[in-house]
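Asks: Mind looking over this structure? Questions follow.
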Amino acid sequence: MSAVQTSVRRATGHALFWPTTALVVLLVACSVASPGFLDVSVRDGALVGQPVDLLRNSVTPLLLALGMCLVIATGGIDLSVGAVMAISLAVSLTYLDGAADASDPATVVTAVVLGLVLGLAVGAFNGMLVTLLGVQPFIATMILMVAGRGIAMLITEGQITTVTSPPFKALGAGSLLGLPQAVVIGAVVFVVVALVVRRTALGMLLESIGVNRESARLSGVRARSTTWTVYVLAGVLAALAGIVYGAPTMAADANNIGLFFELNAIVVVVLGGTKLDGGRFYLSGLVVGALLLTTIERAVIIFQLPSTTTNLFKAAVLIAICIAASPRARSWVQRRRSTRPEPAPSSAPAKDPSAKELTA
Amino acid sequence: MTTTSSPAGSRPAPAPRDPSSPSLLQRLRRPDVRYLPVAGTLATLVALLVVGQVRYSTARQDFVSMKLISNLLIDNSFLLVLAVGMTFVVLAGGIDLSVGAVVALVGLTVAQLSIAGWPTPVVLVVGVLVGTACGTVIGVLVQHFDVQPFIASLAVLFLARGAATVIGTRSLPIDDPGFSAIASWSLRFGEGRTSWRLNASIFIALGVLAVAYLVLHHTRFGRTVYGLGAADRGHAVGLMGLRAERTRVLVYVISGTCAGIAGLLFAFYTKSGYNLTGVGMELDAIAAVVIGGTLLTGGYGYVLGTGAGVLVYGLIQVLNAREGLDSWWTRVAIGGVLLAFVVLQRVISLKKGPGAAPART
Amino acid sequence: MSTSTTETRADRPATDRPVVQMSGITIDFPGVRALDGVSLRLFPGEVHALMGENGAGKSTLIKALTGVYAIDAGQVLVDGGEVAFAGPSDAQRAGISTVYQEVNLCANLSVAENVMLGHEVRRGPFVDWRATRRRAAEHLARLNLHLDPRSPLESHTIAVQQLVAIARAMVVDAKVLILDEPTSSLDRAEVAELFRVVRQLRDSGVAVLFVSHFMDQVYAISDRMTVLRNGRLVEERLTRDLPRRELISLMIGRSGEELAGVEETARAAIGLHDAGAQPLVSARGLGRQGSVEPFDLDVHRGEILGFAGLLGSGRTEAARLLCGADRPDSGQLDVDGAATRLATPLQALQRGIAYSTEDRKKEGIVGDLTVRENIALALQARRGAWRPVPAKELDAVVDRYMVALNINPKNPNALIRNLSGGNQQKVLLARWLATDPRLLILDEPTRGIDVGAKAEIQRLVVELAQAGMAVLFISSEMDEVLRLSQRVVVMRDRVKVAELVNDETVTTDTVMATIAADPAADPAADPAADPAAPADEPRKGGAA
């Protein structure tokens with residue numbers, strides 16, 4: 001009996017328990033409301049159906065959240081990811097537009113690489129502001145969140161650049177091994193990043209920086225360069241997300257590509273069980289979070305709510321999770337037996353009596 | 001040697017180590033680094049005016065004129081109000097990223113309500129209160145739920161945008177007669193080419209600025225706002241027995257209310273409401289505040305400086321237009337100027353740091 | 001001891017009623033009794049020093065008095081009436097003001113605002129600045145401070161800021177002024193200035209409760225002392241009747257004679273290093289302004305070098321210069337005989353210098369990570385992010401140290417913040433030992449941990465030195481330092497005052513005398529060189 005209780009508690013205590021449950025419930029609800037929701041069929045050698053669509057739509061938020069999650073782990077934030085999407089797409093498409101043969105694979109590769117390099121430059125710029133100059137991360141990245149769209153407009157000269165390049169379009173719309181090519185790209189990138197972060201010591205060092213920067217520094221961690229690396233990575237991933245997202249339309253609309261996608265990325269990160277204060281992060285949670293987010297967007301349509309309400313839902317989810325994670329909400333949940341006020345006002349569970357006297 | 005000590009206090013007191021009242025001359029010779037950002041603001045403002053005067057003055061008309069100033073104020077009155085509200089928040093060591101979205105939400109609310117035929121005064125009050133409500137949500141999240149200010153206000157940004165999108169995704173014209181009357185009322189001065197005017201928005205914006213100045217500099221509440229921006233996240237304010245919690249909530253309420261008023265002014269200006277207005281307007285407001293010499297880390301700055309910051313912003317726009325450049329250049333230029341001022345602030349606070357910080361941190 | 005002022009102050013309480021009387025104060029924190037039946041009396045017109053080592057309960061007692069903590073048992077009387085304050089502002093209204101170690105004012109506001117805000121003169125809703133400034137200037141003048149009330153607080157020295165804090169405390173007509181380590185960041189001239197004001201307040205009838213780690217200052221300023229140890233009251237006595245050495249024994253809890261008996265083990269086990277050997281680390285004139293005066297130091301392989309001195313004496317600051325945590329602004333550091341600049345802890349680590357910090361919670365543990373990750377951290381940091389320690393190797397290291405150091409619980413995946421203080425300390429030791437350092441700097445490694453763990457750590461330190469590691473051992477506990485080390489460096493007031501070879505002639509008595517700068521045992525200490533200790537301190541040899 002108690003063994004059952006223990007395992008139940010362990011399961012519910014797992015960081016992914018609630019997001020996964022929410023995902024399953026939502027999927028079931030959708031398939032009840034719209035029979036055949038979960039059906040997958042094969043057409044022209046590719047899988048089609050709602051679940052495949054969900055997967056494809058999850059790729060962009062997943063890529064953004066991947067970079068965002070690592071930045072958040074160090075105690076930072078990157079608000080520029082949406083603008084970076086616009087810039088990278090603008091650069092790639094403008095290059096294709098000017099190329100002699102936009103369908104030449106080599107040209108397409110160059111275009112994609114150009115976009116990614118731009119994301120890398122933006123990330124390096126953000127990282128420099130945050131680590132070298134010590135600007136607060138949200139300010140540093142907000143500069144490009146807004147000015148970045150202006151830059152994208154400069155690149156496209158204020159037009160919505162459209163080109164025709166089947167290989168480029170295939171990045172977002174094509175299919176590979178029966179799966180949408182975007183899904184394959186997302187999966188490969190996710191696995192590679194996850195392997196790099198978790199198979200090397202990078203992940204642990206990031207967490208140590210996010211939890212206690214001074215302890216990490218005194219232990220010899222290169223807090224500065226490690227943090228910088230992460231901003232660069234976030235920039236590159238956002239650039240890739242922009243290309244994958246914009247490829248099917250082949251139109252670089254600098255004003256609207258990636259608008260408010262910072263929200264998506266942040267929501268995916270918190271849905272995946274990572275706290276916005278930094279420290280412990282869960283990459284596998286991002287997959288669940290991204291699927292959940294996409295499913296919410298789809299569910300709004302299925303339940304015939306106005307599609308304009310999705311952002312409202314996302315914002316509400318973000319606020320709810322922030323409140324649920326706050327010290328006050330936690331103390332509401334675990335009302336203590338004693339009526340005496342907490343001796344140490346800090347949120348850390350200070351049960352070490354010696355620590356209280358450190359300044360005595 | 002052990003017998004000569006005198007009772008405490010009768011010994012001549014060592015002179016205090018710092019000069020008790022430096023002369024004006026001394027102050028001028030060694031200017032306080034705190035005035036550096038403001039000096040930067042004024043220098044930028046003057047530089048822009050000089051550039052404009054040199055490049056765009058014609059034989060018949062000077063660039064720098066009352067007309068220029070009244071146009072600047074008319075075009076940027078909503079921004080001035082936003083920036084004033086933002087100044088409260090930034091001085092208290094916080095940030096409010098929601099203001100642009102709130103402007104859009106207020107504009108749409110006002111448009112929708114006046115289409116529904118509500119009386120104009122009620123519409124205006126409701127519009128402002130929508131902003132107040134948004135600010136209150138942020139303040140409560142920050143103060144009572146320990147959410148970081150930028151996250152809390154980001155959440156409200158998306159909330160307000162989401163709500164605006166629900167109200168409508170098309171531009172709604174406002175043709176309520178009462179509303180139009182206020183929007184188009186103005187006082188005209190001068191004749192012909194050099195004539196200039198003051199409209200209701202200017203009076204409202206300048207009124208907000210004046211009230212903010214009085215509150216920030218001449219009330220206990222205002223000084224508490226500055227105290228909240230002091231080192232250690234304003235920890236000392238509570239220990240000094242001042243009402244830290246209430247003040248921290250109130251600065252966001254003020255910022256939200258200002259965003260509400262700015263939303264009205266923007267609606268006066270465009271005579272419409274649209275869910276995608278004000279994207280990035282929060283950056284403009286923050287830029288005006290920062291350019292105006294308020295430190296982003298809080299505790300230092302002047303709301304009148306914010307006024308100068310708004311003028312700098314407006315001038316950049318005007319020069320941009322006179323140069324015939326596309327409007328997105330403004331975005332990039334503002335980003336660049338903001339970046340420069342942020343870096344300047346960091347350099348100043350690094351310079352100030354070692355002396356002010358205790359030995360072992 | 002001759003001044004009439006001090007004697008009348010000290011004698012008066014016998015006739016006066018105490019303004020504050022705390023009796024039988026008991027406070028329990030989860031799992032630990034922080035205060036156990038402590039009493040404290042404060043009389044008008046006296047400076048009362050509250051003494052005790054870290055963890056003795058000094059600040060808990062202050063917080064009990066000012067209403068920050070609710071008391072579980074006992075009674076607080078103010079002016080004879082029982083009170084129960086809900087918080088500091090409540091206490092302030094009853095006339096009990098506190099000035100903290102860190103100036104708790106708003107440095108960005110003006111002096112006048114810092115003194116008056118909350119009590120400013122108003123005209124309608126607005127502040128009447130002219131009248132407010134005048135009032136502030138009056139309050140400052142009462143403390144003999146002549147500052148421009150318009151000037152920003154941060155344009156003044158920390159000392160003046162402290163005085164402004166006192167002026168603010170006095171705006172509400174405080175009967176009791178609590179000074180919680182007000183001098184820890186002041187230099188000597190500044191301390192003298194502060195004391196002038198404190199004496200003036202005392203003479204006007206204020207009861208001053210003074211907490212400090214600086215012996216000289218306590219003897220210079222206080223009339224009466226209350227000594228706490230481990231949450232209990234040990235002694236309340238007039239300062240002039242309590243010699244320094246006895247005070248230290250009371251604080252530490254053992255008499256000098258008693259302590260002298262236990263010092264064997266390491267001294268016998270490890271010989272003194274060869275006189276001619278090249279030191280592993282050698283500092284010449286190494287110093288950093290505002291944290292530690294320039295000092296010389298040699299550390300040899302296979303020795304345990306003890307650092308004795310009270311908290312705040314500069315021990316930690318000196319250690320931080322040796323390990324790249326802080327950058328020195330004067331002097332030279334040689335490692336293996338070659339001049340070396342250690343700009344970051346990583347560079348020190350790469351040269352085999354490891355530093356286990358004093359502040360375990362803020363600078364040591366990474367709370368949300370596991371024991372295993374905490375052990376691996378320094379080892380991994382030295383290898384860089386891209387070359388992870390192979391899992392097997394790491395398992396072996398973690399296993400080895402968890403067994404060798406007897407870390408409990410025996411679960412490497414437990415979060416370190418859930419471990420007890422002693423076990424956290426052992427994990428931190430393991431973190432550094434895993435890097436196989438040549439010089440291991442241990443800053444208060446046994447503070448706040450239980451006796452068993454303490455003995456284990458001490459034994460380990462001796463074994464490490466026997467195996468050839470150099471250990472720099474910093475501790476407030478004299479007997480521990482003497483038992484372990486071959487040489488002892490004594491620090492006082494941020495200055496290295498002595499370096500003793502720990503042979504039979506060195507006893508806790510000698511070290512305590514050196515720390516106390518007691519002229520009876522240490523004739524070299526010249527009071528004239530010490531402006532913070534005016535001549536009205538009690539001296540055995542003085543002409544009374």
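By order in the structure tokens, chains are A, B, ...; within a chain, residues start at 1; ligands start at 1, following the order shown.
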Leaving out His144 (chain B) and any residue of its chain fewer than 4 positions from it, which residues lie within 9 Å of it when counting only C-alpha atoms, given as a list in words?

Replies: Ser326 and Arg328 of chain A; Gly139, Val140, Glu245 and Val249 of chain B

Asks: Of the residues B:Gly293, B:Gly192, B:Gly127, B:Gly278, which is the one nearest to chain A, using only C-alpha atoms?

Replies: B:Gly278

Asks: For chain B, report every residue with an atom at most 6 Å from chain A (counting only C-alpha atoms), formatted as a PyMOL selection string.

Replies: chain B and resi 145+155+158-159+162+165-166+280+328+331-332+335

Asks: Between C:Leu322, C:Ala107, C:Leu209, C:Ile457, which is the closest to Arg284 (chain C) once you count only C-alpha atoms?

Replies: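 For Arg284 (chain C), the nearest of the given residues is C:Leu322.
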
Asks: Between CA of Leu145 (chain C) and CA of Leu50 (chain C), what is the distance, to one decimal in Å?

Replies: 27.0 Å

Asks: Just the residues within 10 Å of region 47-56 of chain B, please, counting only C-alpha atoms, with nothing from its chain fewer than 3 positions along; format it as number ranges by chain.

Replies: B: 41-44, 59, 61-65, 311-312, 315-316, 318-319, 322-323

Asks: Could you find all residues in region 51-160 of chain C that DSSP calls alpha helix (DSSP H) from the backbone, and write them as a PyMOL selection string?

Replies: chain C and resi 58-65+88-93+111-116+129-142+158-160

Asks: Those residues you just picked out, can you put them in a file as a CSV table (one decimal), in the first residue's frame with C-alpha atoms?

Replies:
```
chain,number,residue,atom,x,y,z
C,58,LYS,CA,23.7,37.5,19.7
C,59,SER,CA,21.7,38.5,16.7
C,60,THR,CA,18.9,36.2,17.6
C,61,LEU,CA,18.7,38.0,21.0
C,62,ILE,CA,18.7,41.4,19.2
C,63,LYS,CA,16.0,40.2,16.9
C,64,ALA,CA,14.0,38.9,19.8
C,65,LEU,CA,14.2,42.4,21.4
C,88,PRO,CA,11.2,46.6,14.2
C,89,SER,CA,9.0,49.6,13.5
C,90,ASP,CA,6.9,48.6,16.5
C,91,ALA,CA,10.0,48.5,18.6
C,92,GLN,CA,11.1,51.8,17.2
C,93,ARG,CA,7.9,53.4,18.3
C,111,VAL,CA,21.4,63.2,4.1
C,112,ALA,CA,18.3,65.2,5.1
C,113,GLU,CA,16.0,62.6,3.6
C,114,ASN,CA,17.7,59.8,5.3
C,115,VAL,CA,17.5,61.4,8.6
C,116,MET,CA,14.0,62.7,8.3
C,129,TRP,CA,12.1,70.9,2.3
C,130,ARG,CA,13.5,74.0,3.9
C,131,ALA,CA,12.1,73.2,7.3
C,132,THR,CA,12.9,69.5,6.9
C,133,ARG,CA,16.5,70.3,6.1
C,134,ARG,CA,16.8,72.6,9.0
C,135,ARG,CA,15.4,70.0,11.3
C,136,ALA,CA,17.8,67.4,9.9
C,137,ALA,CA,20.7,69.7,10.4
C,138,GLU,CA,19.7,70.2,14.0
C,139,HIS,CA,19.6,66.5,14.6
C,140,LEU,CA,23.0,66.1,13.0
C,141,ALA,CA,24.4,69.0,14.9
C,142,ARG,CA,23.3,67.3,18.2
C,158,ILE,CA,30.7,54.6,5.5
C,159,ALA,CA,31.5,56.0,8.9
C,160,VAL,CA,29.6,59.2,8.4
```

Asks: Which residue out of B:Thr224, B:Gln143, B:Ser98, B:Ser327 has the minimum interatomic distance to Met281 (chain B) when only C-alpha atoms are used?

Replies: B:Ser98

Asks: Skipping near chain neighbours, those fewer than 2 positions away, what residues fall within 9 Å of Val110 (chain B) using only C-alpha atoms, listed as a VMD selection string?

Replies: chain B and resid 105 to 108 112 to 115 123 to 124 126 to 127 174 263 to 264 267 272 to 273

Asks: Just how far from CA of Ala102 (chain A) is CA of Val122 (chain A), in Å to one decimal?

Replies: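 Atom-to-atom, CA of Val122 (chain A) and CA of Ala102 (chain A) are spaced 25.7 Å apart.
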
Asks: Skip Gly98 (chain A) itself and residues of its chain fewer than 4 positions away, then list as a list in words all residues within 12 Å of it, counting only C-alpha atoms.

Replies: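 Here the qualifying residues turn out to be Val91, Ser92, Leu93, Thr94, Ala102, Ser103, Thr107, Val108, Ala111, Thr156, Thr161, Thr162, Val163, Thr164 and Ser165 of chain A.
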
Asks: Write the residues of the selection above to a file with N, CA and C atoms, as a compact mmCIF listing (two decimals), in the first residue's frame.

Replies:
```txt
# COMPACT_ATOMS: atom_id res chain seq x y z
N VAL A 91 17.31 37.69 -44.15
CA VAL A 91 18.62 37.57 -44.78
C VAL A 91 18.62 36.42 -45.78
N SER A 92 18.10 35.27 -45.36
CA SER A 92 18.12 34.11 -46.25
C SER A 92 17.33 34.37 -47.53
N LEU A 93 16.14 34.92 -47.35
CA LEU A 93 15.29 35.12 -48.53
C LEU A 93 15.82 36.22 -49.42
N THR A 94 16.39 37.27 -48.80
CA THR A 94 16.95 38.34 -49.62
C THR A 94 18.12 37.83 -50.44
N ALA A 102 17.77 30.51 -57.60
CA ALA A 102 17.35 30.31 -56.22
C ALA A 102 17.10 28.85 -55.90
N SER A 103 17.02 28.02 -56.89
CA SER A 103 16.73 26.62 -56.64
C SER A 103 17.99 25.77 -56.53
N THR A 107 23.19 27.35 -53.40
CA THR A 107 22.69 28.68 -53.05
C THR A 107 21.83 28.60 -51.79
N VAL A 108 20.97 27.58 -51.76
CA VAL A 108 20.08 27.44 -50.61
C VAL A 108 20.90 27.22 -49.34
N ALA A 111 22.34 30.40 -48.28
CA ALA A 111 21.31 31.27 -47.70
C ALA A 111 21.03 30.87 -46.27
N THR A 156 15.04 43.80 -45.86
CA THR A 156 14.04 43.54 -46.90
C THR A 156 13.59 44.83 -47.58
N THR A 161 9.52 40.29 -48.87
CA THR A 161 10.29 39.61 -49.90
C THR A 161 9.73 38.21 -50.13
N THR A 162 9.39 37.92 -51.38
CA THR A 162 8.94 36.56 -51.68
C THR A 162 9.80 36.00 -52.81
N VAL A 163 10.19 34.76 -52.66
CA VAL A 163 10.98 34.11 -53.70
C VAL A 163 10.43 32.71 -53.94
N THR A 164 10.86 32.14 -55.00
CA THR A 164 10.48 30.75 -55.28
C THR A 164 11.74 29.91 -55.29
N SER A 165 11.82 29.01 -54.37
CA SER A 165 12.98 28.14 -54.28
C SER A 165 12.54 26.84 -53.64
```

Asks: Using only C-alpha atoms, find the one residue out of C:Arg320, C:Arg382, C:Ile474, C:Ser282 that sits nearest to Thr340 (chain C).

Replies: C:Ser282

Asks: Hey, what's within 9 Å of region 199-213 of chain A if we count only C-alpha atoms and toss same-chain stuff fewer than 6 positions away? As a ChimeraX atom specification, please?

Replies: /A:70-76,221-223,226-227,230,277-281 /C:362-369,373-374,377,380-381,384-389

Asks: State, in Å with one decimal place, the distance from CA of Leu80 (chain B) to CA of Gly256 (chain B).

Replies: 13.8 Å
